[in-house]
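In what follows, a structure is listed as structure tokens, so that the remarks can point back to it.
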Amino acid sequence: MEDKQRSILIESASRFPPPQGVKISYGTSGFRADASILSSTVFRVGILAALRSIQTQSVIGLMITASHNQVSDNGIKIADPSGGMLTQDWEPFADSIANAANPEDLVLLINEFIKKEHIPFGGVQSAEIFLGRDTRPSGESLLEAAKQGISSIVGAIATDMGILTTPQLHWMVRSKNKGTKVFESSYFEQLSDSFRCLMDLIPREDTNISKIVESLIVDGANGVGGEKLEELKKSVKSLVIEVRNSGKEGEGILNERVGADFVQKEKFAPLGFSEDDAGIRCASLDGDADRLVYFYILPNSNKKINLVDGDKILSLFALFIKQQLSVLNKEEDTDRPIKLGVVQTAYANGASTDYLKNLGLEVVFTPTGVKYLHEKAAEYDIGIYFEANGHGTILFSEHFISWLERRTNELASTFEGSEQHKAALRLLAISSLINQAVGDALSGLLLVEAILLYNGWSIQRWNELYQDLPSRQLKVKVADRNAVTTANAETVVVKPSGLQEAINIEVAKFPQGRSFIRPSGTEDVIRVYAEASSQEAADNLAKSVAEHVHRILG
Ligand code: G16
């Protein structure tokens, strides 16, 4: 490293000293902690992003957000050139620089990494990083720290894209690197145009549209998603959407008893909803709008809900795509069978997995975190992945899209307007509507709405696809959550010894019992999941497993 570069780094890093006595770890989707201790981490991630941009000769994205966490937390997510999460190979480097004790150690680590990764560093170099942030009050100063980190690498520039949802920033990075438009207006245009295209392909005479055109109520978690949905609404006039908890001044606090995480974990209506909304189709976004769940309030239930979670969204998408493929895929049309696969995690309700397998689909499991699911889904022509918490999307391989485009053109010239032609057009519209960079609550919501309209289904009918096994999730605060290691897509505890045996004994007591634990990568807790044949049994199983966690981990 040249002297000039070294001294810029030393000087700027000295303005962002790391917090004393705290180890910061790269978690499920980047760094996350109380905002007050994050400036040095965010500054250093700015450096990492510049190096990644130099190495890949592409734009990298940095999003300042703590997603579903409480408002006093913040964090940073990194978008790789494809728009997906940072490659896992770079995570150890992220960890090590975040924890370097002083500027000299930091420079040493950077130097070693540049050599190890053969990054063409020094001389004439350029890097560009897109920055975005959600609506957290700490976002502005952390964004400034990221800018300082970026500008401490010679030739690197930061482009502030403003207040965005996380998926919008990932979409912009992907678009920029593909050479297409990156404006926020282009994002809204792509979503609304492809939604309209899907709507035009609905066989109107068959649908009972009136049943579901009644308004959809969306809980915006008092975050950035509510504001952006208001914007999107303007160009999808065929949907009647009422946004609550939209983040407007005085409406409530970000993620506090609102949002997808709250609704999914508590199975309870968010603030701002009442018994008067019973039976109406409702949806909930999380704090940075990369998760989506649906629900409806049960009448006279004190705001209890029926949750229509990520597993049911996955099932709706998988069923629809499978139907379109079977209309389209006459044997003679393809040179090889189209590979459609779905990816879930251990949190997927057992009933959803059975349902998907009964549809004849290949179902595979990965650990929690979209970075794992996304990677797996990319192995298919069409890979659909969803976590039960509502984070997921659909990936279409380039090979499949080229085939589909060719096929659509052939059908347009021979069988224009045929069911086969329409199925091809629908699949193309989905590939453009769904955000293929990362799970996106807004694009997911439009696809759900389009499919419900196509099927003429109410939310209640959708919910009847299968009946969830009762489940319960708990959080346990322990002395050191990193003392737990797991295997087999997080279904088995490897360490500490004795814990898995204790879980097995509990599970055996309950018919259809299943339970696992894992350290959260976004909060300082151990998560406990339990499933059983009745709600009471699932609650009891979760409680007894949580007690073992507490007993063994302190
Ligand atoms: C992030 C990840 C998700 C993961 C969630 C919870 O979501 O992107 O894949 O499911 O954290 O992770 P954990 O259980 O490790 O806390 P988000 O929406 O919070 O960014």
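By order in the structure tokens, chains are A, B, ...; within a chain, residues start at 1; ligands start at 1, following the order shown.
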Checklist line | Shell of 8 Å around Pro299 in chain A, only C-alpha atoms, local chain residues under 6 positions omitted, as a PyMOL selection string | finding: chain A and resi 275+278-279
File of the preceding selection, C-alpha atoms, as a PDB file, in the first residue's frame:
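File written: again.pdb
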ATOM      1  CA  GLU A 275     -61.859  -5.932  15.958  1.00  0.00           C
ATOM      2  CA  ALA A 278     -62.041  -8.761  11.514  1.00  0.00           C
ATOM      3  CA  GLY A 279     -62.030 -10.930   8.393  1.00  0.00           C
TER       4      GLY A 279
END
Nearby residues, ligand 1, 8 Å, only C-alpha atoms and all ligand atoms, as a compact mmCIF listing (two decimals) with C-alpha atoms, in the first residue's frame:
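Written out: out.txt:
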# COMPACT_ATOMS: atom_id res chain seq x y z
CA GLY A 27 -24.52 -11.92 11.68
CA THR A 28 -27.38 -13.31 9.63
CA SER A 29 -27.37 -10.33 7.30
CA ALA A 66 -31.61 -2.82 11.50
CA SER A 67 -34.71 -4.14 9.78
CA HIS A 68 -37.06 -5.69 12.36
CA ASN A 69 -35.00 -4.65 15.41
CA ASP A 286 -41.04 -5.22 8.49
CA GLY A 287 -38.92 -2.16 9.27
CA ASP A 288 -36.98 -2.15 5.99
CA ALA A 289 -39.69 -3.84 3.90
CA ASP A 290 -37.85 -7.00 2.97
CA ARG A 291 -40.38 -9.22 4.76
CA THR A 368 -31.59 -19.37 8.47
CA GLY A 369 -30.57 -16.33 6.46
CA VAL A 370 -31.45 -15.35 2.93
CA LYS A 371 -27.79 -15.58 1.96
CA GLU A 387 -38.47 -18.12 5.33
CA ASN A 389 -40.92 -14.90 8.69
CA HIS A 391 -38.45 -13.09 3.68
CA ARG A 518 -30.23 -21.58 17.37
CA PRO A 519 -28.38 -18.40 18.22
CA SER A 520 -29.97 -15.38 16.52
CA GLY A 521 -27.71 -13.50 14.12
CA THR A 522 -29.57 -10.23 14.55
CA GLU A 523 -30.43 -10.07 18.25
CA ARG A 527 -34.26 -18.59 19.50
Each residue of range 50-89 of chain A with at least one atom at most 9 Å from range 126-147 of chain A should appear once, together with its nearest atom pair and the corresponding distance in Å (one decimal); atoms considered: only C-alpha atoms; ordering: chain, then increasing residue number; output as JSON lines.
{"residue": "A:Ala50", "atom": "CA", "partner": "A:Ala127", "partner_atom": "CA", "distance": 5.7}
{"residue": "A:Leu51", "atom": "CA", "partner": "A:Ala127", "partner_atom": "CA", "distance": 7.6}
{"residue": "A:Arg52", "atom": "CA", "partner": "A:Ala127", "partner_atom": "CA", "distance": 8.3}
{"residue": "A:Ser53", "atom": "CA", "partner": "A:Ala127", "partner_atom": "CA", "distance": 5.1}
{"residue": "A:Ile54", "atom": "CA", "partner": "A:Ala127", "partner_atom": "CA", "distance": 5.3}
{"residue": "A:Gln55", "atom": "CA", "partner": "A:Ala127", "partner_atom": "CA", "distance": 8.8}
{"residue": "A:Gln57", "atom": "CA", "partner": "A:Ala127", "partner_atom": "CA", "distance": 7.1}
{"residue": "A:Ser58", "atom": "CA", "partner": "A:Glu128", "partner_atom": "CA", "distance": 7.3}
{"residue": "A:Val59", "atom": "CA", "partner": "A:Glu128", "partner_atom": "CA", "distance": 5.1}
{"residue": "A:Ile60", "atom": "CA", "partner": "A:Ile129", "partner_atom": "CA", "distance": 4.9}
{"residue": "A:Gly61", "atom": "CA", "partner": "A:Phe130", "partner_atom": "CA", "distance": 4.7}
{"residue": "A:Leu62", "atom": "CA", "partner": "A:Leu131", "partner_atom": "CA", "distance": 5.0}
{"residue": "A:Met63", "atom": "CA", "partner": "A:Gly132", "partner_atom": "CA", "distance": 4.8}
{"residue": "A:Ile64", "atom": "CA", "partner": "A:Arg133", "partner_atom": "CA", "distance": 4.5}
{"residue": "A:Thr65", "atom": "CA", "partner": "A:Asp134", "partner_atom": "CA", "distance": 5.6}
{"residue": "A:Ala66", "atom": "CA", "partner": "A:Asp134", "partner_atom": "CA", "distance": 8.5}
{"residue": "A:Ser67", "atom": "CA", "partner": "A:Asp134", "partner_atom": "CA", "distance": 8.3}
{"residue": "A:Val71", "atom": "CA", "partner": "A:Arg136", "partner_atom": "CA", "distance": 6.4}
{"residue": "A:Ser72", "atom": "CA", "partner": "A:Ser138", "partner_atom": "CA", "distance": 7.9}
{"residue": "A:Asp73", "atom": "CA", "partner": "A:Ser138", "partner_atom": "CA", "distance": 8.5}
{"residue": "A:Asn74", "atom": "CA", "partner": "A:Ser138", "partner_atom": "CA", "distance": 7.2}
{"residue": "A:Gly75", "atom": "CA", "partner": "A:Leu142", "partner_atom": "CA", "distance": 8.8}
{"residue": "A:Ile76", "atom": "CA", "partner": "A:Arg133", "partner_atom": "CA", "distance": 8.9}
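We find CA of Ser82 in chain A and CA of Leu229 in chain A to be spaced 24.5 Å apart.
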Check: DSSP says strand (DSSP E) for which residues of range 344-443 of chain A? Put them as a ChimeraX atom specification?
Finding: /A:344,362-365,382-386,392-396
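Distance annotation: of A:Leu442, A:Glu398, A:Tyr296, A:Ile338, the residue with the minimal separation from Glu230 in chain A is A:Leu442; atom set is only C-alpha atoms.
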Next item on the list: Would you mind writing down, as a PyMOL selection string, each residue of range 429-474 of chain A that DSSP on the backbone assigns to alpha helix (DSSP H)?
Entry: chain A and resi 429-433+441-455+459-463
Selected residues written out with C-alpha atoms, as a short mmCIF file (atom, residue, chain, number, x, y, z; two decimals), in the first residue's frame:
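Full text of selection26.cif as output:
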data_model
loop_
_atom_site.label_atom_id
_atom_site.label_comp_id
_atom_site.auth_asym_id
_atom_site.auth_seq_id
_atom_site.Cartn_x
_atom_site.Cartn_y
_atom_site.Cartn_z
CA ALA A 429 -44.29 -10.89 -16.02
CA ILE A 430 -43.54 -12.63 -12.70
CA SER A 431 -39.81 -12.62 -13.46
CA SER A 432 -39.98 -8.87 -13.87
CA LEU A 433 -42.40 -8.17 -11.00
CA ALA A 441 -42.25 -7.02 0.57
CA LEU A 442 -43.61 -4.59 -2.03
CA SER A 443 -43.03 -6.74 -5.09
CA GLY A 444 -44.10 -9.84 -3.12
CA LEU A 445 -47.31 -8.10 -2.12
CA LEU A 446 -48.19 -7.27 -5.73
CA LEU A 447 -47.57 -10.87 -6.79
CA VAL A 448 -49.74 -12.24 -3.97
CA GLU A 449 -52.53 -9.82 -4.93
CA ALA A 450 -52.29 -10.74 -8.62
CA ILE A 451 -52.45 -14.49 -7.88
CA LEU A 452 -55.37 -14.11 -5.46
CA LEU A 453 -57.23 -12.15 -8.12
CA TYR A 454 -56.37 -14.72 -10.76
CA ASN A 455 -57.66 -17.53 -8.56
CA ILE A 459 -57.42 -14.68 2.17
CA GLN A 460 -59.48 -17.29 4.01
CA ARG A 461 -59.50 -19.56 0.94
CA TRP A 462 -55.75 -19.07 0.54
CA ASN A 463 -55.21 -19.92 4.20
#
Margin query: Need the shell around Glu419 in chain A: protein/DNA/RNA residues with any atom at most 12 Å away, counting only C-alpha atoms. Skip same-chain ones fewer than 5 positions apart. Format as a PyMOL selection string?
Written below: chain A and resi 201-203+323-330+408+411-412+424-426
Generate the output file for the selected residues, N, CA and C atoms, as a CSV table (one decimal), in the first residue's frame.
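The resulting part_1.csv:
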chain,number,residue,atom,x,y,z
A,201,LEU,N,-53.7,-10.4,-17.9
A,201,LEU,CA,-53.8,-11.9,-18.3
A,201,LEU,C,-54.7,-12.7,-17.4
A,202,ILE,N,-55.5,-12.0,-16.6
A,202,ILE,CA,-56.4,-12.8,-15.8
A,202,ILE,C,-57.7,-13.1,-16.6
A,203,PRO,N,-58.1,-14.4,-16.6
A,203,PRO,CA,-59.3,-14.7,-17.3
A,203,PRO,C,-60.5,-14.2,-16.5
A,323,GLN,N,-48.6,-24.5,-12.0
A,323,GLN,CA,-49.8,-24.6,-12.9
A,323,GLN,C,-49.4,-23.9,-14.2
A,324,GLN,N,-48.7,-22.8,-14.2
A,324,GLN,CA,-48.4,-22.1,-15.5
A,324,GLN,C,-47.4,-23.0,-16.3
A,325,LEU,N,-46.5,-23.6,-15.5
A,325,LEU,CA,-45.5,-24.4,-16.2
A,325,LEU,C,-46.2,-25.6,-16.9
A,326,SER,N,-47.2,-26.2,-16.2
A,326,SER,CA,-47.8,-27.4,-16.8
A,326,SER,C,-48.6,-27.0,-18.0
A,327,VAL,N,-49.2,-25.8,-18.1
A,327,VAL,CA,-49.9,-25.3,-19.3
A,327,VAL,C,-48.8,-25.1,-20.4
A,328,LEU,N,-47.7,-24.6,-20.0
A,328,LEU,CA,-46.7,-24.2,-21.0
A,328,LEU,C,-45.9,-25.3,-21.5
A,329,ASN,N,-45.5,-26.2,-20.6
A,329,ASN,CA,-44.4,-27.1,-20.8
A,329,ASN,C,-44.9,-28.4,-21.5
A,330,LYS,N,-45.3,-28.3,-22.7
A,330,LYS,CA,-45.6,-29.5,-23.4
A,330,LYS,C,-44.3,-30.2,-23.7
A,408,THR,N,-41.9,-17.7,-26.0
A,408,THR,CA,-43.0,-16.7,-26.0
A,408,THR,C,-43.1,-16.1,-27.4
A,411,LEU,N,-44.7,-18.7,-29.7
A,411,LEU,CA,-46.1,-18.9,-29.5
A,411,LEU,C,-46.9,-17.7,-30.0
A,412,ALA,N,-46.2,-16.5,-29.9
A,412,ALA,CA,-46.9,-15.3,-30.4
A,412,ALA,C,-47.1,-15.4,-31.9
A,424,ALA,N,-46.9,-18.4,-20.8
A,424,ALA,CA,-45.5,-17.9,-21.0
A,424,ALA,C,-45.4,-16.4,-20.6
A,425,LEU,N,-46.4,-15.6,-21.0
A,425,LEU,CA,-46.4,-14.2,-20.7
A,425,LEU,C,-46.5,-14.0,-19.2
A,426,ARG,N,-47.3,-14.8,-18.5
A,426,ARG,CA,-47.4,-14.7,-17.1
A,426,ARG,C,-46.1,-14.9,-16.4
Check: Excluding same-chain residues fewer than 2 positions from Pro367 in chain A, what lies within 10 Å of it counting only C-alpha atoms, as a PyMOL selection string?
Finding: chain A and resi 28+344-347+365+369-373+486-491+518
Next item on the list: Mind giving me the straight-line distance from CA of Gln535 in chain A to CA of Ile280 in chain A in Å, one decimal?
Entry: 24.0 Å
